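Trainee: Provided below: final-v6.txt, containing compact mmCIF, C-alpha atoms.
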```txt
# COMPACT_ATOMS: atom_id res chain seq x y z
CA MET A 6 0.00 0.00 0.00
CA ASP A 7 1.35 3.42 -0.95
CA CYS A 8 0.24 6.70 0.59
CA ILE A 9 1.26 10.19 -0.44
CA THR A 10 0.63 13.08 1.93
CA LEU A 11 -0.16 16.46 0.39
CA ASP A 12 -1.17 19.71 2.13
CA ASP A 13 -4.40 18.65 3.81
CA VAL A 14 -4.95 15.09 2.62
CA THR A 15 -3.22 11.72 2.47
CA LEU A 16 -4.01 9.88 -0.75
CA HIS A 17 -4.04 6.11 -1.09
CA VAL A 18 -2.17 5.30 -4.29
CA LYS A 19 -1.63 2.07 -6.24
CA LEU A 20 1.32 1.96 -8.63
CA GLU A 21 1.79 -0.80 -11.18
CA GLY A 22 4.26 -1.32 -14.00
CA PRO A 23 7.79 -0.03 -14.55
CA GLU A 24 8.73 3.44 -13.31
CA ASP A 25 9.97 4.38 -16.77
CA GLY A 26 6.85 3.12 -18.57
CA PRO A 27 4.45 5.53 -20.31
CA PRO A 28 2.34 6.90 -17.42
CA VAL A 29 -1.44 6.57 -17.21
CA LEU A 30 -3.33 8.18 -14.31
CA PHE A 31 -6.84 6.99 -13.45
CA ALA A 32 -9.37 9.17 -11.58
CA ASN A 33 -12.51 7.52 -10.16
CA SER A 34 -16.17 8.39 -10.10
CA LEU A 35 -18.12 9.64 -7.10
CA GLY A 36 -18.71 6.87 -4.56
CA THR A 37 -16.06 4.49 -5.89
CA ASP A 38 -12.43 3.76 -5.07
CA LEU A 39 -9.50 2.73 -7.24
CA ARG A 40 -10.92 -0.78 -7.64
CA LEU A 41 -13.19 0.77 -10.27
CA TRP A 42 -10.42 0.09 -12.79
CA ASP A 43 -9.38 -3.44 -11.75
CA ASP A 44 -10.84 -5.25 -14.75
CA VAL A 45 -9.57 -2.64 -17.21
CA VAL A 46 -5.94 -2.45 -16.05
CA ALA A 47 -5.77 -6.24 -16.14
CA ARG A 48 -6.47 -6.05 -19.88
CA LEU A 49 -3.99 -3.30 -20.80
CA PRO A 50 -0.63 -3.98 -22.47
CA GLU A 51 2.31 -4.66 -20.17
CA GLY A 52 4.93 -2.00 -19.66
CA LEU A 53 2.67 0.95 -18.85
CA ARG A 54 3.12 2.81 -15.58
CA LEU A 55 -0.38 2.65 -14.14
CA ILE A 56 -1.23 5.11 -11.37
CA ARG A 57 -4.49 4.80 -9.47
CA TYR A 58 -5.61 6.67 -6.39
CA ASP A 59 -8.56 7.19 -4.08
CA LYS A 60 -9.65 10.82 -4.23
CA ARG A 61 -10.13 12.68 -0.97
CA GLY A 62 -12.97 11.37 1.14
CA HIS A 63 -13.03 8.02 -0.67
CA GLY A 64 -11.53 4.58 -0.22
CA LEU A 65 -8.42 4.55 1.96
CA SER A 66 -7.58 8.22 1.47
CA THR A 67 -8.24 10.61 4.33
CA CYS A 68 -11.47 12.57 4.51
CA PRO A 69 -10.97 16.30 5.10
CA GLN A 70 -13.92 18.32 6.31
CA ALA A 71 -16.51 18.96 3.59
CA PRO A 72 -17.34 20.76 1.35
CA TYR A 73 -14.60 20.40 -1.27
CA THR A 74 -13.94 22.48 -4.35
CA MET A 75 -13.00 21.18 -7.78
CA GLY A 76 -9.83 23.23 -7.42
CA ALA A 77 -8.84 21.13 -4.41
CA LEU A 78 -9.52 17.88 -6.28
CA VAL A 79 -7.44 19.08 -9.24
CA ARG A 80 -4.63 20.10 -6.86
CA ASP A 81 -4.68 16.61 -5.35
CA ALA A 82 -4.10 15.03 -8.78
CA GLU A 83 -1.49 17.66 -9.59
CA GLY A 84 0.32 17.11 -6.29
CA LEU A 85 0.25 13.35 -6.77
CA LEU A 86 1.89 13.53 -10.22
CA ASP A 87 4.43 16.08 -8.98
CA ALA A 88 5.29 13.85 -6.00
CA LEU A 89 5.81 10.91 -8.34
CA GLU A 90 7.83 13.12 -10.72
CA VAL A 91 5.52 12.16 -13.57
CA LYS A 92 5.14 14.31 -16.68
CA GLU A 93 3.02 13.87 -19.81
CA ALA A 94 0.60 11.32 -18.39
CA VAL A 95 -2.52 10.18 -20.15
CA VAL A 96 -5.25 11.00 -17.63
CA VAL A 97 -8.27 8.70 -17.65
CA GLY A 98 -11.16 10.17 -15.67
CA LEU A 99 -14.70 8.93 -15.21
CA SER A 100 -17.56 11.19 -14.07
CA ILE A 101 -16.11 13.51 -11.40
CA GLY A 102 -12.77 11.97 -12.34
CA GLY A 103 -13.33 13.26 -15.85
CA MET A 104 -13.95 16.72 -14.45
CA ILE A 105 -10.65 16.45 -12.56
CA ALA A 106 -8.96 15.44 -15.83
CA GLN A 107 -10.44 18.46 -17.63
CA GLY A 108 -9.30 20.80 -14.88
CA LEU A 109 -5.82 19.30 -14.66
CA ALA A 110 -5.30 19.52 -18.43
CA ALA A 111 -6.36 23.17 -18.42
CA LYS A 112 -4.06 23.99 -15.48
CA ARG A 113 -0.94 21.86 -16.03
CA LEU A 114 -0.45 20.86 -19.63
CA ASP A 115 3.10 19.78 -18.76
CA LEU A 116 1.60 16.96 -16.70
CA VAL A 117 -1.02 15.87 -19.22
CA ARG A 118 -0.23 14.48 -22.65
CA ALA A 119 -3.78 13.38 -23.45
CA VAL A 120 -7.12 12.82 -21.74
CA VAL A 121 -9.70 10.07 -21.72
CA LEU A 122 -12.97 11.67 -20.61
CA SER A 123 -15.43 8.95 -19.71
CA ASN A 124 -19.08 9.43 -18.77
CA THR A 125 -18.49 13.01 -17.81
CA ALA A 126 -19.16 16.59 -18.91
CA PRO A 127 -17.90 20.12 -18.28
CA LYS A 128 -20.99 20.63 -16.08
CA ILE A 129 -23.04 17.85 -14.49
CA GLY A 130 -26.48 18.55 -13.05
CA THR A 131 -27.56 21.72 -11.29
CA ARG A 132 -26.61 23.31 -7.98
CA GLN A 133 -30.08 22.56 -6.63
CA MET A 134 -29.91 18.90 -7.62
CA TRP A 135 -26.62 18.45 -5.78
CA ALA A 136 -27.89 20.46 -2.79
CA ASP A 137 -30.85 18.08 -2.58
CA ARG A 138 -28.56 15.05 -2.67
CA ILE A 139 -26.28 16.49 0.00
CA ALA A 140 -29.34 17.13 2.18
CA GLN A 141 -30.45 13.52 1.69
CA ILE A 142 -26.99 12.27 2.72
CA HIS A 143 -27.26 14.26 5.93
CA SER A 144 -30.80 13.10 6.66
CA GLY A 145 -30.76 9.46 5.59
CA GLY A 146 -27.18 8.49 4.82
CA LEU A 147 -25.90 6.90 1.63
CA THR A 148 -27.85 3.71 2.25
CA SER A 149 -31.03 5.69 1.60
CA MET A 150 -29.67 6.66 -1.83
CA SER A 151 -27.83 3.55 -2.98
CA ASP A 152 -30.72 1.97 -4.91
CA ALA A 153 -31.30 5.18 -6.88
CA ILE A 154 -27.55 5.47 -7.54
CA MET A 155 -27.43 1.93 -8.92
CA GLU A 156 -30.39 2.83 -11.16
CA ARG A 157 -28.43 5.72 -12.68
CA TRP A 158 -25.16 3.82 -12.87
CA PHE A 159 -25.94 0.47 -14.43
CA SER A 160 -27.98 -1.14 -17.17
CA LYS A 161 -30.97 -3.20 -16.03
CA PRO A 162 -29.34 -6.61 -16.75
CA PHE A 163 -26.37 -5.67 -14.58
CA ARG A 164 -28.59 -4.30 -11.80
CA ASP A 165 -30.58 -7.53 -11.81
CA SER A 166 -27.43 -9.65 -11.40
CA PRO A 167 -25.37 -10.41 -8.26
CA ALA A 168 -22.53 -8.39 -9.81
CA VAL A 169 -24.18 -5.17 -8.64
CA THR A 170 -23.86 -6.02 -4.93
CA PRO A 171 -20.23 -4.95 -4.31
CA TRP A 172 -20.79 -1.66 -6.10
CA LYS A 173 -23.83 -0.87 -4.01
CA ARG A 174 -21.84 -1.72 -0.93
CA MET A 175 -18.93 0.46 -2.08
CA VAL A 176 -21.26 3.46 -2.22
CA GLU A 177 -22.79 2.70 1.16
CA VAL A 178 -19.42 2.55 2.95
CA THR A 179 -18.09 5.74 1.36
CA PRO A 180 -17.59 8.38 4.10
CA GLU A 181 -20.63 10.64 4.03
CA ALA A 182 -18.43 13.74 4.29
CA GLY A 183 -16.39 12.53 1.31
CA TYR A 184 -19.43 11.92 -0.86
CA ALA A 185 -21.05 15.20 0.18
CA GLY A 186 -17.78 17.09 -0.20
CA CYS A 187 -17.25 15.85 -3.76
CA SER A 188 -20.92 16.47 -4.58
CA ALA A 189 -20.37 20.10 -3.61
CA ALA A 190 -17.33 20.23 -5.90
CA ILE A 191 -19.38 18.98 -8.85
CA ALA A 192 -22.15 21.47 -8.04
CA GLY A 193 -19.72 24.36 -8.30
CA THR A 194 -18.04 23.30 -11.55
CA ASP A 195 -18.63 24.64 -15.05
CA PHE A 196 -15.70 23.85 -17.34
CA TYR A 197 -17.35 24.68 -20.68
CA THR A 198 -15.01 27.59 -21.44
CA THR A 199 -11.80 25.91 -20.28
CA THR A 200 -12.58 22.55 -21.88
CA ALA A 201 -13.41 24.24 -25.19
CA ALA A 202 -9.91 25.75 -25.07
CA LEU A 203 -8.16 22.36 -24.71
CA ARG A 204 -5.87 21.39 -27.56
CA LEU A 205 -4.62 17.88 -26.90
CA PRO A 206 -5.51 14.33 -27.91
CA ALA A 207 -8.80 13.27 -26.35
CA LEU A 208 -10.85 10.09 -26.25
CA VAL A 209 -14.42 10.57 -25.04
CA ILE A 210 -16.43 7.53 -23.91
CA ALA A 211 -20.18 7.34 -23.23
CA GLY A 212 -22.56 4.54 -22.25
CA ASP A 213 -25.92 4.37 -23.98
CA GLN A 214 -27.64 3.31 -20.71
CA ASP A 215 -26.03 6.07 -18.61
CA GLY A 216 -28.55 7.76 -16.32
CA SER A 217 -26.03 10.18 -14.79
CA THR A 218 -24.29 11.63 -17.84
CA PRO A 219 -26.45 10.72 -20.86
CA PRO A 220 -24.73 10.16 -24.22
CA ASP A 221 -25.95 13.44 -25.71
CA LEU A 222 -24.33 15.38 -22.86
CA VAL A 223 -21.06 13.50 -23.28
CA ARG A 224 -21.13 13.94 -27.05
CA GLU A 225 -21.62 17.68 -26.59
CA MET A 226 -18.38 17.76 -24.61
CA ALA A 227 -16.54 15.77 -27.29
CA ASP A 228 -17.62 18.36 -29.85
CA LEU A 229 -15.92 21.08 -27.79
CA ILE A 230 -12.45 19.55 -28.22
CA PRO A 231 -11.04 19.67 -31.77
CA GLY A 232 -10.17 16.20 -33.01
CA ALA A 233 -11.64 14.36 -30.03
CA ARG A 234 -12.52 10.72 -30.68
CA TYR A 235 -15.96 9.67 -29.44
CA GLU A 236 -16.94 6.11 -28.58
CA LEU A 237 -20.46 5.08 -27.53
CA MET A 238 -20.54 1.80 -25.62
CA ARG A 239 -23.77 -0.12 -26.16
CA GLY A 240 -25.54 -1.83 -23.29
CA ALA A 241 -23.44 -0.05 -20.65
CA GLY A 242 -24.35 2.62 -18.14
CA HIS A 243 -22.36 5.19 -16.18
CA LEU A 244 -19.52 2.78 -15.36
CA PRO A 245 -18.79 1.00 -18.66
CA CYS A 246 -15.36 0.02 -17.33
CA VAL A 247 -17.26 -2.24 -14.90
CA GLU A 248 -19.99 -3.55 -17.20
CA ASP A 249 -17.80 -4.16 -20.25
CA PRO A 250 -14.12 -3.90 -19.29
CA GLU A 251 -12.96 -5.76 -22.40
CA THR A 252 -14.43 -3.21 -24.82
CA TYR A 253 -13.35 -0.34 -22.56
CA ALA A 254 -9.76 -1.60 -22.42
CA ALA A 255 -9.78 -2.08 -26.20
CA HIS A 256 -10.83 1.54 -26.75
CA LEU A 257 -8.18 2.75 -24.30
CA THR A 258 -5.44 0.59 -25.81
CA ALA A 259 -6.27 1.73 -29.35
CA PHE A 260 -6.14 5.36 -28.22
CA LEU A 261 -2.79 4.90 -26.46
CA ALA A 262 -1.40 3.19 -29.56
CA GLY A 263 -2.72 5.95 -31.80
CA ILE A 264 -0.86 8.68 -29.88
CA GLY A 265 2.31 6.59 -29.45
CA HIS A 266 1.86 6.14 -25.70
CA LEU A 267 2.55 2.41 -25.50
CA PRO A 268 5.86 0.92 -24.32
CA GLY A 269 8.50 1.39 -26.98
CA GLY A 270 6.55 4.28 -28.49
CA ALA A 271 4.39 1.91 -30.51
CA GLY A 272 1.55 3.48 -32.39
```
How does this structure look as structure tokens?
Mentor:
Amino acid sequence: MDCITLDDVTLHVKLEGPEDGPPVLFANSLGTDLRLWDDVVARLPEGLRLIRYDKRGHGLSTCPQAPYTMGALVRDAEGLLDALEVKEAVVVGLSIGGMIAQGLAAKRLDLVRAVVLSNTAPKIGTRQMWADRIAQIHSGGLTSMSDAIMERWFSKPFRDSPAVTPWKRMVEVTPEAGYAGCSAAIAGTDFYTTTAALRLPALVIAGDQDGSTPPDLVREMADLIPGARYELMRGAGHLPCVEDPETYAAHLTAFLAGIGHLPGGAG
């Protein structure tokens, strides 16, 4: 287990692959930890330097007092890469992780060679929607919300299978302050202007069963970034890396190859 302590948070980090391999940083969705990517990283080519972490208030990272800002979440990712002395990473972010990727690319282009923006958008929901969810966390806890979250996250076949159980449990054991803090960060974020100014390779992934960031919203973001590649995954919801890791890993591998970010510079 690796931990890196920054200003006000200690992040749980998992490092795999050679130190000199092409770096790939993964940023998770709200209510999940770095295990979100288990089935994808297992299918990626060997030789990559894979960096996963639990964002503040999630998993085994510490949980500072809520609310959080998106600026703080971006600084966490920035501080992590600086601490690891990593430059020119491909940043793969899903949902709030995709917002972090957008913010990091806009702020520190020296750290980011390309982005994979999955099931995300420059702006997700409304301030009132997030305020209502934060209020529900305080009144009923995450257990009161977990069924509705699974409804937004997964396709019906997946929800009806035993495979959904650990993901529901992962949400329910997330620190309430961490979930509420990150919800506040999403509520305060509108990256339309900064994301439209990005000029770097981008892969954008959507799921056609996504109830949190519908495909049209994700496609709108892809259209903001010149040259962005858009992939719609059929039969998958908000976490296509969980429902169909083989297809997800294939899209990611093809993108890495296309920009020459595989070991040996293949592409």
Trainee: Rounded to one decimal place, report the CA of Leu30 (chain A)-CA of Ile56 (chain A) distance in Å.
Mentor: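 Atom-to-atom, CA of Leu30 (chain A) to CA of Ile56 (chain A), that is 4.7 Å.
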Trainee: Between A:Ile105, A:Gln70, A:Leu86, A:Ala262, single out the one closest to Ala185 (chain A), counting all atoms listed in the file.
Mentor: A:Gln70
Trainee: Residues within 12 Å of region 11-23 of chain A, please, as an mmCIF file with C-alpha atoms, keeping the file's coordinate frame. Count all atoms listed in the file; anything in the same chain fewer than 4 positions from it doesn't count.
Mentor:
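selection.cif, freshly written:
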```
data_model
loop_
_atom_site.group_PDB
_atom_site.id
_atom_site.type_symbol
_atom_site.label_atom_id
_atom_site.label_comp_id
_atom_site.auth_asym_id
_atom_site.auth_seq_id
_atom_site.Cartn_x
_atom_site.Cartn_y
_atom_site.Cartn_z
ATOM 1 C CA MET A 6 0.000 0.000 0.000
ATOM 2 C CA ASP A 7 1.350 3.420 -0.950
ATOM 3 C CA PRO A 27 4.450 5.530 -20.310
ATOM 4 C CA PRO A 28 2.340 6.900 -17.420
ATOM 5 C CA VAL A 29 -1.440 6.570 -17.210
ATOM 6 C CA LEU A 30 -3.330 8.180 -14.310
ATOM 7 C CA PHE A 31 -6.840 6.990 -13.450
ATOM 8 C CA ALA A 32 -9.370 9.170 -11.580
ATOM 9 C CA ASP A 38 -12.430 3.760 -5.070
ATOM 10 C CA LEU A 39 -9.500 2.730 -7.240
ATOM 11 C CA ARG A 40 -10.920 -0.780 -7.640
ATOM 12 C CA TRP A 42 -10.420 0.090 -12.790
ATOM 13 C CA ASP A 43 -9.380 -3.440 -11.750
ATOM 14 C CA VAL A 46 -5.940 -2.450 -16.050
ATOM 15 C CA ALA A 47 -5.770 -6.240 -16.140
ATOM 16 C CA LEU A 49 -3.990 -3.300 -20.800
ATOM 17 C CA PRO A 50 -0.630 -3.980 -22.470
ATOM 18 C CA GLU A 51 2.310 -4.660 -20.170
ATOM 19 C CA GLY A 52 4.930 -2.000 -19.660
ATOM 20 C CA LEU A 53 2.670 0.950 -18.850
ATOM 21 C CA ARG A 54 3.120 2.810 -15.580
ATOM 22 C CA LEU A 55 -0.380 2.650 -14.140
ATOM 23 C CA ILE A 56 -1.230 5.110 -11.370
ATOM 24 C CA ARG A 57 -4.490 4.800 -9.470
ATOM 25 C CA TYR A 58 -5.610 6.670 -6.390
ATOM 26 C CA ASP A 59 -8.560 7.190 -4.080
ATOM 27 C CA LYS A 60 -9.650 10.820 -4.230
ATOM 28 C CA ARG A 61 -10.130 12.680 -0.970
ATOM 29 C CA GLY A 62 -12.970 11.370 1.140
ATOM 30 C CA HIS A 63 -13.030 8.020 -0.670
ATOM 31 C CA GLY A 64 -11.530 4.580 -0.220
ATOM 32 C CA LEU A 65 -8.420 4.550 1.960
ATOM 33 C CA SER A 66 -7.580 8.220 1.470
ATOM 34 C CA THR A 67 -8.240 10.610 4.330
ATOM 35 C CA CYS A 68 -11.470 12.570 4.510
ATOM 36 C CA PRO A 69 -10.970 16.300 5.100
ATOM 37 C CA GLN A 70 -13.920 18.320 6.310
ATOM 38 C CA TYR A 73 -14.600 20.400 -1.270
ATOM 39 C CA ALA A 77 -8.840 21.130 -4.410
ATOM 40 C CA LEU A 78 -9.520 17.880 -6.280
ATOM 41 C CA ARG A 80 -4.630 20.100 -6.860
ATOM 42 C CA ASP A 81 -4.680 16.610 -5.350
ATOM 43 C CA ALA A 82 -4.100 15.030 -8.780
ATOM 44 C CA GLU A 83 -1.490 17.660 -9.590
ATOM 45 C CA GLY A 84 0.320 17.110 -6.290
ATOM 46 C CA LEU A 85 0.250 13.350 -6.770
ATOM 47 C CA LEU A 86 1.890 13.530 -10.220
ATOM 48 C CA ASP A 87 4.430 16.080 -8.980
ATOM 49 C CA ALA A 88 5.290 13.850 -6.000
ATOM 50 C CA LEU A 89 5.810 10.910 -8.340
ATOM 51 C CA GLY A 183 -16.390 12.530 1.310
ATOM 52 C CA PRO A 268 5.860 0.920 -24.320
#
```
Trainee: At a cut-off of 12 Å, using all atoms listed in the file, what residues contact Glu225 (chain A)? Leave out same-chain residues fewer than 2 positions from it and give the result as a list in words.
Mentor: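 With the cut-off at 12 Å, the set is Asn124, Thr125, Ala126, Pro127, Lys128, Tyr197, Thr200, Ala201, Val209, Ile210, Ala211, Thr218, Pro219, Pro220, Asp221, Leu222, Val223, Ala227, Asp228, Leu229, Ile230, Pro231, Ala233 and Tyr235 of chain A.
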Trainee: Output the selection as a CSV table (one decimal), in the coordinates of the input - C-alpha atoms for each residue.
Mentor:
```csv
chain,number,residue,atom,x,y,z
A,124,ASN,CA,-19.1,9.4,-18.8
A,125,THR,CA,-18.5,13.0,-17.8
A,126,ALA,CA,-19.2,16.6,-18.9
A,127,PRO,CA,-17.9,20.1,-18.3
A,128,LYS,CA,-21.0,20.6,-16.1
A,197,TYR,CA,-17.4,24.7,-20.7
A,200,THR,CA,-12.6,22.6,-21.9
A,201,ALA,CA,-13.4,24.2,-25.2
A,209,VAL,CA,-14.4,10.6,-25.0
A,210,ILE,CA,-16.4,7.5,-23.9
A,211,ALA,CA,-20.2,7.3,-23.2
A,218,THR,CA,-24.3,11.6,-17.8
A,219,PRO,CA,-26.4,10.7,-20.9
A,220,PRO,CA,-24.7,10.2,-24.2
A,221,ASP,CA,-26.0,13.4,-25.7
A,222,LEU,CA,-24.3,15.4,-22.9
A,223,VAL,CA,-21.1,13.5,-23.3
A,227,ALA,CA,-16.5,15.8,-27.3
A,228,ASP,CA,-17.6,18.4,-29.8
A,229,LEU,CA,-15.9,21.1,-27.8
A,230,ILE,CA,-12.4,19.6,-28.2
A,231,PRO,CA,-11.0,19.7,-31.8
A,233,ALA,CA,-11.6,14.4,-30.0
A,235,TYR,CA,-16.0,9.7,-29.4
```
Trainee: At a cut-off of 9 Å, can you tabulate as a tab-separated table every residue of region 146-199 of chain A near region 91-103 of chain A together with its closest atom pair and the distance in Å to one decimal, using all atoms listed in the file and ordering rows by chain then number?
Mentor:
```
residue	atom	partner	partner_atom	distance
A:Cys187	CA	A:Ile101	CA	8.1
A:Ser188	CA	A:Ile101	CA	8.9
A:Ala190	CA	A:Ile101	CA	8.8
A:Ile191	CA	A:Ile101	CA	6.9
```
Trainee: Could you jot down the CA of Met104 (chain A) to CA of Arg224 (chain A) separation for me, Å, one decimal place?
Mentor: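 So the two atoms, CA of Met104 (chain A) and CA of Arg224 (chain A), lie 14.8 Å apart.
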Trainee: Give me, please, the distance in Å between CA of Val169 (chain A) and CA of Glu248 (chain A), quoted to one decimal.
Mentor: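 A separation of 9.7 Å between them.
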Trainee: Check the smallest atom-to-atom distance from each of A:Leu122, A:Val79, A:Met155, A:Val117 to Arg234 (chain A) using all atoms listed in the file, then report the winner.
Mentor: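 Using all atoms listed in the file, the shortest distance to Arg234 (chain A) belongs to A:Leu122.
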